[in-house]
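Text of start-v7.txt, listed as compact mmCIF, C-alpha atoms:
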```
# COMPACT_ATOMS: atom_id res chain seq x y z
CA MET L 1 74.79 -50.72 21.26
CA ARG L 2 77.96 -49.69 23.06
CA ASP L 3 80.04 -49.97 19.89
CA ASN L 4 77.96 -47.58 17.84
CA PRO L 5 79.96 -44.33 17.58
CA VAL L 6 77.06 -42.24 16.28
CA LEU L 7 74.90 -43.24 19.22
CA ARG L 8 77.65 -42.60 21.75
CA ILE L 9 78.53 -39.15 20.42
CA VAL L 10 74.92 -38.04 20.01
CA ALA L 11 74.19 -39.23 23.56
CA LYS L 12 77.18 -37.30 24.88
CA ILE L 13 75.97 -34.16 23.14
CA ILE L 14 72.33 -34.51 24.14
CA ILE L 15 72.68 -35.55 27.79
CA PRO L 16 73.88 -32.12 29.04
CA VAL L 17 71.00 -30.52 27.11
CA ILE L 18 68.52 -32.87 28.80
CA LEU L 19 69.92 -32.08 32.24
CA LEU L 20 69.88 -28.34 31.51
CA PHE L 21 66.28 -28.55 30.27
CA ALA L 22 65.34 -30.40 33.46
CA LEU L 23 66.84 -27.59 35.54
CA TYR L 24 64.91 -25.06 33.43
CA VAL L 25 61.65 -26.96 34.01
CA GLN L 26 62.48 -27.16 37.72
CA PHE L 27 63.16 -23.49 38.30
CA HIS L 28 60.76 -22.09 35.73
CA GLY L 29 57.82 -24.11 37.07
CA ASP L 30 56.48 -21.03 38.85
CA PHE L 31 55.95 -19.23 35.56
CA GLY L 32 55.25 -21.89 32.95
CA PRO L 33 54.19 -25.48 32.80
CA GLY L 34 56.35 -27.85 34.76
CA GLY L 35 57.61 -28.22 38.27
CA GLY L 36 59.49 -30.56 40.52
CA PHE L 37 57.86 -33.78 39.38
CA GLN L 38 58.36 -33.26 35.64
CA ALA L 39 61.85 -31.87 36.18
CA GLY L 40 62.83 -34.85 38.30
CA VAL L 41 61.67 -37.29 35.65
CA ILE L 42 63.49 -35.42 32.84
CA PHE L 43 66.66 -35.17 34.94
CA ALA L 44 66.49 -38.91 35.56
CA ALA L 45 65.91 -39.48 31.83
CA GLY L 46 69.33 -37.98 31.17
CA PHE L 47 70.95 -40.52 33.47
CA ILE L 48 68.82 -43.34 32.04
CA LEU L 49 69.95 -42.43 28.50
CA TYR L 50 73.53 -42.63 29.74
CA GLY L 51 72.79 -46.04 31.26
CA LEU L 52 71.11 -47.28 28.06
CA VAL L 53 73.95 -46.22 25.77
CA PHE L 54 77.01 -46.87 27.91
CA GLY L 55 75.65 -49.73 30.03
CA THR L 56 74.25 -49.84 33.53
CA GLU L 57 77.69 -50.64 34.91
CA ALA L 58 78.99 -47.25 33.74
CA LEU L 59 75.93 -45.55 35.23
CA ARG L 60 76.54 -47.35 38.52
CA ASN L 61 80.11 -46.07 38.50
CA ALA L 62 78.91 -42.54 37.76
CA ILE L 63 76.46 -42.44 40.68
CA PRO L 64 77.27 -44.81 43.56
CA PRO L 65 74.25 -46.65 45.04
CA GLY L 66 75.03 -45.29 48.50
CA LEU L 67 74.76 -41.71 47.24
CA LEU L 68 71.50 -42.58 45.44
CA ARG L 69 69.99 -43.95 48.65
CA PHE L 70 71.00 -40.79 50.48
CA VAL L 71 69.54 -38.49 47.79
CA ILE L 72 66.19 -40.37 47.76
CA ALA L 73 65.70 -39.44 51.39
CA LEU L 74 67.19 -35.95 51.00
CA GLY L 75 64.31 -34.60 48.89
CA LEU L 76 61.61 -35.81 51.28
CA VAL L 77 63.57 -34.48 54.27
CA LEU L 78 63.91 -31.11 52.50
CA TYR L 79 60.14 -30.96 51.92
CA ALA L 80 59.26 -32.02 55.47
CA GLY L 81 62.04 -29.77 56.81
CA VAL L 82 60.41 -26.70 55.24
CA GLY L 83 57.26 -27.60 57.15
CA ALA L 84 59.20 -28.09 60.39
CA THR L 85 60.97 -24.76 59.86
CA THR L 86 57.71 -22.86 59.47
CA MET L 87 56.49 -24.50 62.68
CA LEU L 88 59.69 -23.48 64.49
CA LEU L 89 59.15 -19.93 63.22
CA GLY L 90 55.81 -19.93 65.00
CA SER L 91 53.44 -20.64 62.11
CA ASP L 92 51.49 -23.64 60.87
CA TYR L 93 53.10 -26.65 59.18
CA LEU L 94 54.00 -25.72 55.56
CA ALA L 95 52.67 -22.16 55.95
CA TYR L 96 55.37 -20.54 53.83
CA GLY L 97 54.49 -16.98 54.81
CA ALA L 98 56.66 -17.33 57.90
CA LEU L 99 59.83 -17.92 55.86
CA ALA L 100 60.26 -14.27 54.88
CA ASP L 101 59.14 -10.86 56.04
CA ASP L 102 56.30 -10.56 53.55
CA LEU L 103 53.79 -13.17 52.43
CA ILE L 104 54.79 -13.17 48.74
CA GLY L 105 58.50 -13.61 49.46
CA GLY L 106 57.81 -16.41 51.91
CA GLN L 107 55.54 -18.17 49.42
CA HIS L 108 58.19 -17.89 46.70
CA LEU L 109 60.93 -19.31 48.93
CA GLY L 110 58.73 -22.06 50.33
CA ILE L 111 57.42 -23.21 46.94
CA PHE L 112 60.95 -23.09 45.52
CA LEU L 113 62.34 -25.32 48.28
CA VAL L 114 59.40 -27.71 48.22
CA GLU L 115 59.56 -28.16 44.44
CA LEU L 116 63.30 -28.72 44.75
CA GLY L 117 62.63 -31.48 47.27
CA VAL L 118 60.09 -33.08 44.92
CA GLY L 119 62.53 -32.93 42.01
CA ILE L 120 65.41 -34.43 44.00
CA THR L 121 63.45 -37.39 45.31
CA VAL L 122 61.61 -38.09 42.04
CA SER L 123 64.81 -38.11 39.96
CA ALA L 124 66.68 -40.31 42.46
CA VAL L 125 63.78 -42.79 42.74
CA THR L 126 63.43 -42.98 38.95
CA VAL L 127 67.14 -43.67 38.43
CA THR L 128 67.01 -46.23 41.25
CA ILE L 129 64.08 -48.10 39.74
CA PHE L 130 65.79 -48.12 36.32
CA LEU L 131 69.02 -49.44 37.83
CA ALA L 132 67.20 -52.06 39.86
CA PHE L 133 65.34 -53.39 36.81
CA ALA L 134 67.87 -52.98 34.00
CA GLY L 135 70.85 -53.78 36.22
CA ARG L 136 69.60 -57.35 36.60
CA ASN L 137 70.49 -57.99 32.97
CA ASP L 138 74.19 -57.62 33.76
CA PRO L 139 76.18 -60.82 33.64
CA MET I 1 39.85 -38.06 15.72
CA LEU I 2 42.35 -38.22 18.56
CA LEU I 3 40.06 -40.43 20.60
CA GLY I 4 39.65 -42.72 17.61
CA MET I 5 43.43 -43.01 17.31
CA LEU I 6 43.58 -43.77 21.05
CA ALA I 7 41.04 -46.58 20.61
CA LEU I 8 42.91 -47.95 17.58
CA THR I 9 46.20 -47.99 19.49
CA ALA I 10 44.59 -49.74 22.45
CA LEU I 11 43.05 -52.37 20.12
CA ALA I 12 46.42 -52.92 18.43
CA ALA I 13 48.08 -53.35 21.85
CA VAL I 14 45.49 -55.96 22.78
CA ARG I 15 45.74 -57.85 19.48
CA LEU I 16 49.54 -57.98 19.25
CA HIS I 17 51.40 -60.85 20.85
CA ASP I 18 54.91 -59.44 20.51
CA LEU I 19 55.51 -57.74 23.88
CA PHE I 20 58.06 -55.37 22.35
CA ALA I 21 55.46 -54.06 19.90
CA VAL I 22 52.89 -53.87 22.71
CA THR I 23 55.26 -51.69 24.75
CA ILE I 24 55.77 -49.35 21.80
CA MET I 25 51.97 -49.23 21.35
CA PHE I 26 51.62 -48.19 24.99
CA GLY I 27 54.16 -45.43 24.36
CA ILE I 28 52.19 -44.20 21.35
CA TYR I 29 49.01 -44.37 23.43
CA SER I 30 50.60 -42.19 26.14
CA LEU I 31 51.81 -39.71 23.52
CA LEU I 32 48.28 -39.45 22.09
CA ALA I 33 46.90 -39.01 25.61
CA ALA I 34 49.40 -36.19 26.15
CA VAL I 35 48.17 -34.53 22.95
CA VAL I 36 44.58 -34.86 24.22
CA PHE I 37 45.63 -33.13 27.47
CA VAL I 38 47.22 -30.29 25.47
CA VAL I 39 43.99 -29.91 23.49
CA LEU I 40 42.13 -29.70 26.82
CA ASP I 41 44.59 -26.93 27.94
CA ALA I 42 46.05 -29.08 30.74
CA VAL I 43 49.69 -28.52 29.80
CA ASP I 44 51.11 -29.55 33.18
CA VAL I 45 49.34 -32.90 33.00
CA ALA I 46 50.39 -33.32 29.37
CA PHE I 47 53.98 -32.62 30.36
CA THR I 48 53.86 -35.30 33.05
CA GLU I 49 52.18 -37.80 30.74
CA ALA I 50 54.79 -37.20 28.03
CA ALA I 51 57.73 -37.53 30.44
CA VAL I 52 56.50 -40.47 32.52
CA GLY I 53 54.11 -42.35 30.25
CA VAL I 54 56.09 -42.08 27.03
CA GLY I 55 59.61 -41.99 28.39
CA ILE I 56 60.21 -43.62 31.73
CA SER I 57 57.57 -46.34 31.80
CA THR I 58 58.42 -47.42 28.24
CA VAL I 59 62.08 -47.76 29.20
CA LEU I 60 61.18 -49.68 32.36
CA MET I 61 58.90 -52.05 30.43
CA LEU I 62 61.62 -52.62 27.82
CA ALA I 63 64.09 -53.40 30.61
CA THR I 64 61.60 -55.88 32.04
CA ILE I 65 61.08 -57.48 28.61
CA GLY I 66 64.85 -57.90 28.43
CA LEU I 67 64.52 -60.01 31.58
CA VAL I 68 61.43 -62.07 30.87
CA GLY I 69 61.58 -62.59 27.11
CA ARG I 70 59.78 -61.01 24.24
CA HIS I 71 56.86 -63.30 23.47
CA GLU I 72 53.59 -63.66 25.24
CA GLN I 73 52.72 -67.14 26.50
CA ARG I 74 49.52 -68.84 25.51
CA PRO I 75 46.81 -68.11 28.07
CA ALA I 76 46.11 -71.14 30.24
CA HIS I 77 42.40 -70.43 30.65
CA ARG I 78 39.49 -69.16 28.56
CA PRO I 79 39.02 -65.39 28.57
CA LEU I 80 35.21 -65.50 28.88
CA LEU I 81 34.81 -64.83 32.60
CA PRO I 82 37.35 -61.93 32.70
CA LEU I 83 35.69 -60.49 29.58
CA LEU I 84 32.30 -60.62 31.31
CA VAL I 85 33.67 -58.89 34.45
CA VAL I 86 35.33 -56.18 32.38
CA ALA I 87 32.21 -55.62 30.28
CA VAL I 88 29.97 -55.31 33.35
CA THR I 89 32.41 -52.94 35.08
CA GLY I 90 32.75 -50.83 31.94
CA ALA I 91 28.99 -50.64 31.52
CA ALA I 92 28.61 -49.56 35.17
CA LEU I 93 31.23 -46.84 34.68
CA VAL I 94 29.56 -45.57 31.50
CA TYR I 95 26.22 -45.57 33.36
CA GLY I 96 27.89 -43.52 36.11
CA THR I 97 29.08 -40.87 33.65
CA LEU I 98 25.48 -40.20 32.59
CA ASP I 99 24.91 -38.31 35.83
CA MET I 100 28.08 -36.24 35.53
CA PRO I 101 27.86 -32.57 34.55
CA PHE I 102 28.73 -31.72 30.99
CA PHE I 103 32.36 -31.00 30.15
CA ALA I 104 33.42 -27.44 31.10
CA ASP I 105 30.01 -26.71 32.63
CA PRO I 106 30.63 -23.68 34.89
CA ALA I 107 27.84 -24.80 37.24
CA ALA I 108 29.54 -28.14 37.95
CA PRO I 109 30.24 -28.69 41.67
CA VAL I 110 33.97 -29.04 41.05
CA HIS I 111 34.05 -25.46 39.70
CA GLN I 112 32.00 -24.06 42.56
CA HIS I 113 33.82 -25.31 45.65
CA VAL I 114 37.36 -23.95 46.25
CA VAL I 115 38.38 -23.28 42.64
CA PRO I 116 37.07 -19.68 42.45
CA TYR I 117 38.98 -18.88 45.66
CA TYR I 118 42.24 -20.36 44.37
CA LEU I 119 41.94 -18.74 40.94
CA GLY I 120 41.03 -15.36 42.43
CA LYS I 121 43.44 -15.21 45.33
CA SER I 122 46.48 -17.06 43.98
CA PRO I 123 48.16 -14.07 42.25
CA GLU I 124 47.96 -11.79 45.30
CA GLN I 125 48.59 -14.47 47.94
CA THR I 126 51.50 -16.28 46.31
CA GLY I 127 52.63 -13.99 43.50
CA ILE I 128 53.11 -16.98 41.21
CA PRO I 129 51.70 -16.82 37.67
CA ASN I 130 51.24 -20.58 37.22
CA VAL I 131 48.19 -21.44 39.30
CA VAL I 132 48.89 -25.17 38.99
CA THR I 133 52.19 -24.73 40.80
CA SER I 134 50.74 -22.54 43.53
CA ILE I 135 47.86 -24.98 44.16
CA LEU I 136 50.11 -28.04 44.18
CA ALA I 137 52.92 -26.63 46.28
CA SER I 138 51.14 -24.13 48.52
CA TYR I 139 47.37 -24.55 48.90
CA ARG I 140 47.58 -28.34 48.67
CA GLY I 141 51.05 -28.65 50.16
CA TYR I 142 50.06 -31.51 52.46
CA ASP I 143 48.77 -33.55 49.53
CA THR I 144 51.97 -33.04 47.58
CA LEU I 145 54.02 -34.03 50.63
CA GLY I 146 51.95 -37.21 50.79
CA GLU I 147 52.56 -37.88 47.08
CA LEU I 148 56.26 -37.41 47.56
CA ALA I 149 56.13 -39.86 50.48
CA VAL I 150 54.42 -42.36 48.14
CA ILE I 151 57.20 -41.98 45.56
CA PHE I 152 59.80 -42.31 48.32
CA THR I 153 58.10 -45.48 49.52
CA ALA I 154 58.10 -46.88 45.98
CA GLY I 155 61.83 -46.26 45.71
CA VAL I 156 62.52 -47.81 49.09
CA GLY I 157 60.34 -50.81 48.18
CA VAL I 158 62.24 -51.42 44.94
CA LEU I 159 65.53 -51.07 46.83
CA ALA I 160 64.38 -53.56 49.45
CA LEU I 161 63.09 -56.11 46.95
CA LEU I 162 65.65 -55.89 44.14
CA GLY I 163 68.57 -53.93 45.53
CA LEU I 164 71.21 -52.12 43.52
CA ARG I 165 74.34 -54.08 44.24
CA ARG I 166 75.40 -56.70 41.76
CA ARG I 167 75.65 -60.19 43.12
CA LYS I 168 79.28 -60.76 44.01
CA ARG I 169 80.46 -61.77 40.54
CA PRO I 170 79.16 -65.35 40.55
CA ALA I 171 81.03 -65.98 37.29
CA LYS I 172 84.32 -66.25 39.12
CA GLU I 173 83.24 -68.52 41.95
CA HIS I 174 80.75 -70.66 40.06
CA PRO I 175 81.58 -70.56 36.36
CA THR I 176 78.33 -70.74 34.42
CA PRO I 177 78.27 -72.60 31.11
```

How does the structure come out when it is put into structure tokens?
Amino acid sequence: MRDNPVLRIVAKIIIPVILLFALYVQFHGDFGPGGGFQAGVIFAAGFILYGLVFGTEALRNAIPPGLLRFVIALGLVLYAGVGATTMLLGSDYLAYGALADDLIGGQHLGIFLVELGVGITVSAVTVTIFLAFAGRNDP
Amino acid sequence: MLLGMLALTALAAVRLHDLFAVTIMFGIYSLLAAVVFVVLDAVDVAFTEAAVGVGISTVLMLATIGLVGRHEQRPAHRPLLPLLVVAVTGAALVYGTLDMPFFADPAAPVHQHVVPYYLGKSPEQTGIPNVVTSILASYRGYDTLGELAVIFTAGVGVLALLGLRRRKRPAKEHPTP
């Protein structure tokens, strides 16, 4: 599979589009279908396509396992951190209204950050699971 | 029509013995399920089903087939007892659906509890047009945090069991034939 030039070039063209579409789904989730979970999976699909075409070793070189472990936790910490911040601001846990002066602005900011946390953790976990399974095929 | 195609795909997946073909059948099944969700106007669910069911889980199953081999082994026991258990459970579930309210019945309890509040108040309380997002991330924020913790735990579990590092190049120290 790694010697097929058509596959390699098409993958190189399509991977940035996949990542861009994932970001669109992530940040447009307030207005259309989608959100952090779907965006995280699509973002991970871009990396998985890279791993399928160029080999898991190349994918492992592109994203070091240490970074992946860090990013898995980062998303959950971001989500829980939004809740802790609203508590520190004198409101209930995950009551986003406290994040801004008005309720709507606070809700927007809170939902944005929380969905970002979901997307980060979901994409990192998906890439991790793929690497853990497919990486065992390596000699 | 769609449900019939779903049933056909499931039957084909059961009948086939080539695990590669079975995996592709599961992918087709997920794609059909996603289409069913679109027909039911649940685009967010359809999106998730298409991304996870068709894409990621198919790739993961193919990776696993690459590890364990492509052909199913002969079953070591007769399938009669499992078939009986499955048939009884299925019959019980079908019996349970008889008491459920009809599809899209506005008087159903699920449409009477908190749904009118969410649908009515979401635009003014969150200012977000997609009600699914506002319910998931705001009204039911605790639940979504719990789901994210589940996904986190799954990732940590895979890391703990399988790990990411390659074994230290055993080919050099112990040359394999």

Could you give me, as CSV, a per-residue list for chain I showing, wherever an atom lies at most 9 Å from an atom of chain L, the closest pair of atoms and their distance in Å to one decimal, using all atoms listed in the file and sorting by chain then residue number from low to high?
```
residue,atom,partner,partner_atom,distance
I:Val43,CA,L:Pro33,CA,6.2
I:Asp44,CA,L:Pro33,CA,5.1
I:Val45,CA,L:Gly34,CA,8.8
I:Phe47,CA,L:Gln38,CA,6.9
I:Thr48,CA,L:Gln38,CA,5.6
I:Ala51,CA,L:Val41,CA,6.5
I:Val52,CA,L:Val41,CA,6.8
I:Gly55,CA,L:Ala45,CA,7.6
I:Ile56,CA,L:Ala45,CA,7.0
I:Val59,CA,L:Phe130,CA,8.0
I:Leu60,CA,L:Phe130,CA,6.3
I:Leu62,CA,L:Ala134,CA,8.8
I:Ala63,CA,L:Ala134,CA,5.1
I:Thr64,CA,L:Phe133,CA,6.6
I:Gly66,CA,L:Asn137,CA,7.2
I:Leu67,CA,L:Asn137,CA,6.5
I:Glu124,CA,L:Ile104,CA,7.8
I:Gln125,CA,L:Ile104,CA,6.4
I:Thr126,CA,L:Ile104,CA,5.1
I:Gly127,CA,L:Ile104,CA,5.7
I:Ile128,CA,L:Asp30,CA,5.8
I:Pro129,CA,L:Phe31,CA,5.3
I:Asn130,CA,L:Phe31,CA,5.2
I:Val131,CA,L:Asp30,CA,8.3
I:Val132,CA,L:Pro33,CA,8.2
I:Thr133,CA,L:Asp30,CA,6.0
I:Ser134,CA,L:Ile111,CA,7.5
I:Ala137,CA,L:Ile111,CA,5.7
I:Ser138,CA,L:Ile111,CA,6.5
I:Gly141,CA,L:Leu94,CA,6.8
I:Tyr142,CA,L:Leu94,CA,7.7
I:Thr144,CA,L:Val118,CA,8.5
I:Leu145,CA,L:Tyr79,CA,7.0
I:Leu148,CA,L:Val118,CA,6.4
I:Ala149,CA,L:Leu76,CA,6.9
I:Ile151,CA,L:Val122,CA,6.9
I:Phe152,CA,L:Ile72,CA,6.7
I:Ala154,CA,L:Val125,CA,7.7
I:Gly155,CA,L:Val125,CA,5.0
I:Val156,CA,L:Val125,CA,8.2
I:Val158,CA,L:Ile129,CA,6.4
I:Leu159,CA,L:Ala132,CA,7.2
I:Leu162,CA,L:Ala132,CA,5.9
I:Gly163,CA,L:Ala132,CA,6.1
I:Leu164,CA,L:Ala132,CA,5.4
I:Arg165,CA,L:Pro65,CA,7.5
I:Arg166,CA,L:Gly135,CA,7.7
I:Arg169,CA,L:Pro139,CA,8.2
I:Pro170,CA,L:Pro139,CA,8.8
I:Ala171,CA,L:Pro139,CA,8.0
```

- Item | Pairwise distance for atom CA of Leu80 of chain I and atom CA of Met25 of chain I, rounded to one decimal in Å | 24.5 Å

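Taking atom CA of Ile14 of chain L as the reference point, atom CA of Met61 of chain I is found at 23.0 Å.
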
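If you look at atom CA of Pro16 of chain L and atom CA of Val35 of chain I, they are 26.5 Å away from each other.
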
- Query: Got a sec: who's within 7 Å of Ser30 of chain I, counting all atoms listed in the file, leaving out chain neighbours fewer than 5 positions off, as a ChimeraX atom specification?
  - Reply: /I:49-50,53-54

With only C-alpha atoms as the counted atoms, please give the residues lying no more than 8 Å from Ile24 of chain I, apart from itself and same-chain residues fewer than 4 positions off, as an mmCIF file with C-alpha atoms, keeping the file's coordinate frame.
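Wrote it out as result.cif, contents follow:
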```
data_model
loop_
_atom_site.group_PDB
_atom_site.id
_atom_site.type_symbol
_atom_site.label_atom_id
_atom_site.label_comp_id
_atom_site.auth_asym_id
_atom_site.auth_seq_id
_atom_site.Cartn_x
_atom_site.Cartn_y
_atom_site.Cartn_z
ATOM 1 C CA PHE I 20 58.060 -55.370 22.350
ATOM 2 C CA ILE I 28 52.190 -44.200 21.350
ATOM 3 C CA THR I 58 58.420 -47.420 28.240
#
```

- Message: Report as a ChimeraX atom specification all protein, DNA and RNA residues lying within 9 Å of Leu19 of chain I, evaluated on all atoms listed in the file, omitting residues in the same chain fewer than 5 positions from it.
- Response: /I:13,24,62,65,69-72

- Message: So, with only C-alpha atoms as the atoms that count, which of L:Asp92, L:Val71, L:Gly55, L:Phe47 lies closest to Val17 of chain L?
- Response: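 That would be L:Phe47, the residue with the smallest distance to Val17 of chain L.
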
- Task: List the neighbours of Phe54 of chain L out to 10 Å using all atoms listed in the file; skip same-chain residues closer than 3 positions along the sequence, and give me the result as number ranges by chain.
- Result: L: 1-3, 7-8, 11, 48-51, 57-59

Using the selection just defined, write its residues with C-alpha atoms as a compact mmCIF listing (two decimals), in the frame of the given file.
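Written output follows (selection_24.txt):
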```
# COMPACT_ATOMS: atom_id res chain seq x y z
CA MET L 1 74.79 -50.72 21.26
CA ARG L 2 77.96 -49.69 23.06
CA ASP L 3 80.04 -49.97 19.89
CA LEU L 7 74.90 -43.24 19.22
CA ARG L 8 77.65 -42.60 21.75
CA ALA L 11 74.19 -39.23 23.56
CA ILE L 48 68.82 -43.34 32.04
CA LEU L 49 69.95 -42.43 28.50
CA TYR L 50 73.53 -42.63 29.74
CA GLY L 51 72.79 -46.04 31.26
CA GLU L 57 77.69 -50.64 34.91
CA ALA L 58 78.99 -47.25 33.74
CA LEU L 59 75.93 -45.55 35.23
```

Could you pull segment 19-82 of chain I out of the structure I just pasted and write it to a file containing C-alpha atoms, as a PDB file, in the first residue's frame?
```pdb
ATOM      1  CA  LEU I  19     -14.427 -12.014   8.676  1.00  0.00           C
ATOM      2  CA  PHE I  20     -13.282  -9.360   6.206  1.00  0.00           C
ATOM      3  CA  ALA I  21     -16.631  -9.520   4.409  1.00  0.00           C
ATOM      4  CA  VAL I  22     -18.454  -9.547   7.753  1.00  0.00           C
ATOM      5  CA  THR I  23     -16.670  -6.327   8.757  1.00  0.00           C
ATOM      6  CA  ILE I  24     -17.663  -4.655   5.495  1.00  0.00           C
ATOM      7  CA  MET I  25     -21.251  -5.860   6.077  1.00  0.00           C
ATOM      8  CA  PHE I  26     -21.195  -4.204   9.503  1.00  0.00           C
ATOM      9  CA  GLY I  27     -20.017  -0.996   7.837  1.00  0.00           C
ATOM     10  CA  ILE I  28     -22.878  -1.153   5.337  1.00  0.00           C
ATOM     11  CA  TYR I  29     -25.271  -1.855   8.212  1.00  0.00           C
ATOM     12  CA  SER I  30     -24.056   1.263  10.059  1.00  0.00           C
ATOM     13  CA  LEU I  31     -24.406   3.345   6.900  1.00  0.00           C
ATOM     14  CA  LEU I  32     -28.001   2.149   6.462  1.00  0.00           C
ATOM     15  CA  ALA I  33     -28.682   2.895  10.135  1.00  0.00           C
ATOM     16  CA  ALA I  34     -27.322   6.414   9.585  1.00  0.00           C
ATOM     17  CA  VAL I  35     -29.712   6.841   6.645  1.00  0.00           C
ATOM     18  CA  VAL I  36     -32.583   5.676   8.879  1.00  0.00           C
ATOM     19  CA  PHE I  37     -31.585   8.325  11.452  1.00  0.00           C
ATOM     20  CA  VAL I  38     -31.584  11.015   8.736  1.00  0.00           C
ATOM     21  CA  VAL I  39     -35.068   9.897   7.668  1.00  0.00           C
ATOM     22  CA  LEU I  40     -36.142  10.238  11.323  1.00  0.00           C
ATOM     23  CA  ASP I  41     -34.680  13.818  11.343  1.00  0.00           C
ATOM     24  CA  ALA I  42     -31.990  12.920  13.913  1.00  0.00           C
ATOM     25  CA  VAL I  43     -29.088  14.383  11.949  1.00  0.00           C
ATOM     26  CA  ASP I  44     -26.722  14.634  14.927  1.00  0.00           C
ATOM     27  CA  VAL I  45     -27.152  10.940  15.689  1.00  0.00           C
ATOM     28  CA  ALA I  46     -26.793  10.088  12.000  1.00  0.00           C
ATOM     29  CA  PHE I  47     -23.578  12.091  11.874  1.00  0.00           C
ATOM     30  CA  THR I  48     -22.163  10.181  14.830  1.00  0.00           C
ATOM     31  CA  GLU I  49     -23.254   6.828  13.425  1.00  0.00           C
ATOM     32  CA  ALA I  50     -21.670   7.609  10.051  1.00  0.00           C
ATOM     33  CA  ALA I  51     -18.378   8.771  11.590  1.00  0.00           C
ATOM     34  CA  VAL I  52     -17.996   6.139  14.309  1.00  0.00           C
ATOM     35  CA  GLY I  53     -19.958   3.138  13.045  1.00  0.00           C
ATOM     36  CA  VAL I  54     -18.927   3.304   9.401  1.00  0.00           C
ATOM     37  CA  GLY I  55     -15.477   4.804   9.732  1.00  0.00           C
ATOM     38  CA  ILE I  56     -13.646   4.232  12.975  1.00  0.00           C
ATOM     39  CA  SER I  57     -15.050   0.902  14.123  1.00  0.00           C
ATOM     40  CA  THR I  58     -14.623  -0.616  10.645  1.00  0.00           C
ATOM     41  CA  VAL I  59     -10.976   0.453  10.610  1.00  0.00           C
ATOM     42  CA  LEU I  60     -10.443  -0.909  14.126  1.00  0.00           C
ATOM     43  CA  MET I  61     -12.050  -4.245  13.236  1.00  0.00           C
ATOM     44  CA  LEU I  62      -9.915  -4.479  10.084  1.00  0.00           C
ATOM     45  CA  ALA I  63      -6.812  -3.799  12.171  1.00  0.00           C
ATOM     46  CA  THR I  64      -7.871  -6.563  14.547  1.00  0.00           C
ATOM     47  CA  ILE I  65      -8.477  -8.963  11.637  1.00  0.00           C
ATOM     48  CA  GLY I  66      -4.939  -8.192  10.505  1.00  0.00           C
ATOM     49  CA  LEU I  67      -3.815  -9.541  13.876  1.00  0.00           C
ATOM     50  CA  VAL I  68      -6.025 -12.584  14.317  1.00  0.00           C
ATOM     51  CA  GLY I  69      -6.476 -13.843  10.770  1.00  0.00           C
ATOM     52  CA  ARG I  70      -9.279 -13.596   8.305  1.00  0.00           C
ATOM     53  CA  HIS I  71     -11.261 -16.808   8.673  1.00  0.00           C
ATOM     54  CA  GLU I  72     -13.739 -17.789  11.300  1.00  0.00           C
ATOM     55  CA  GLN I  73     -13.006 -20.992  13.213  1.00  0.00           C
ATOM     56  CA  ARG I  74     -15.500 -23.796  13.365  1.00  0.00           C
ATOM     57  CA  PRO I  75     -17.694 -23.408  16.438  1.00  0.00           C
ATOM     58  CA  ALA I  76     -16.779 -25.944  19.107  1.00  0.00           C
ATOM     59  CA  HIS I  77     -20.326 -26.380  20.410  1.00  0.00           C
ATOM     60  CA  ARG I  78     -23.860 -26.597  19.038  1.00  0.00           C
ATOM     61  CA  PRO I  79     -25.654 -23.273  18.664  1.00  0.00           C
ATOM     62  CA  LEU I  80     -29.016 -24.510  20.010  1.00  0.00           C
ATOM     63  CA  LEU I  81     -28.845 -23.193  23.575  1.00  0.00           C
ATOM     64  CA  PRO I  82     -27.573 -19.690  22.590  1.00  0.00           C
TER      65      PRO I  82
END
```
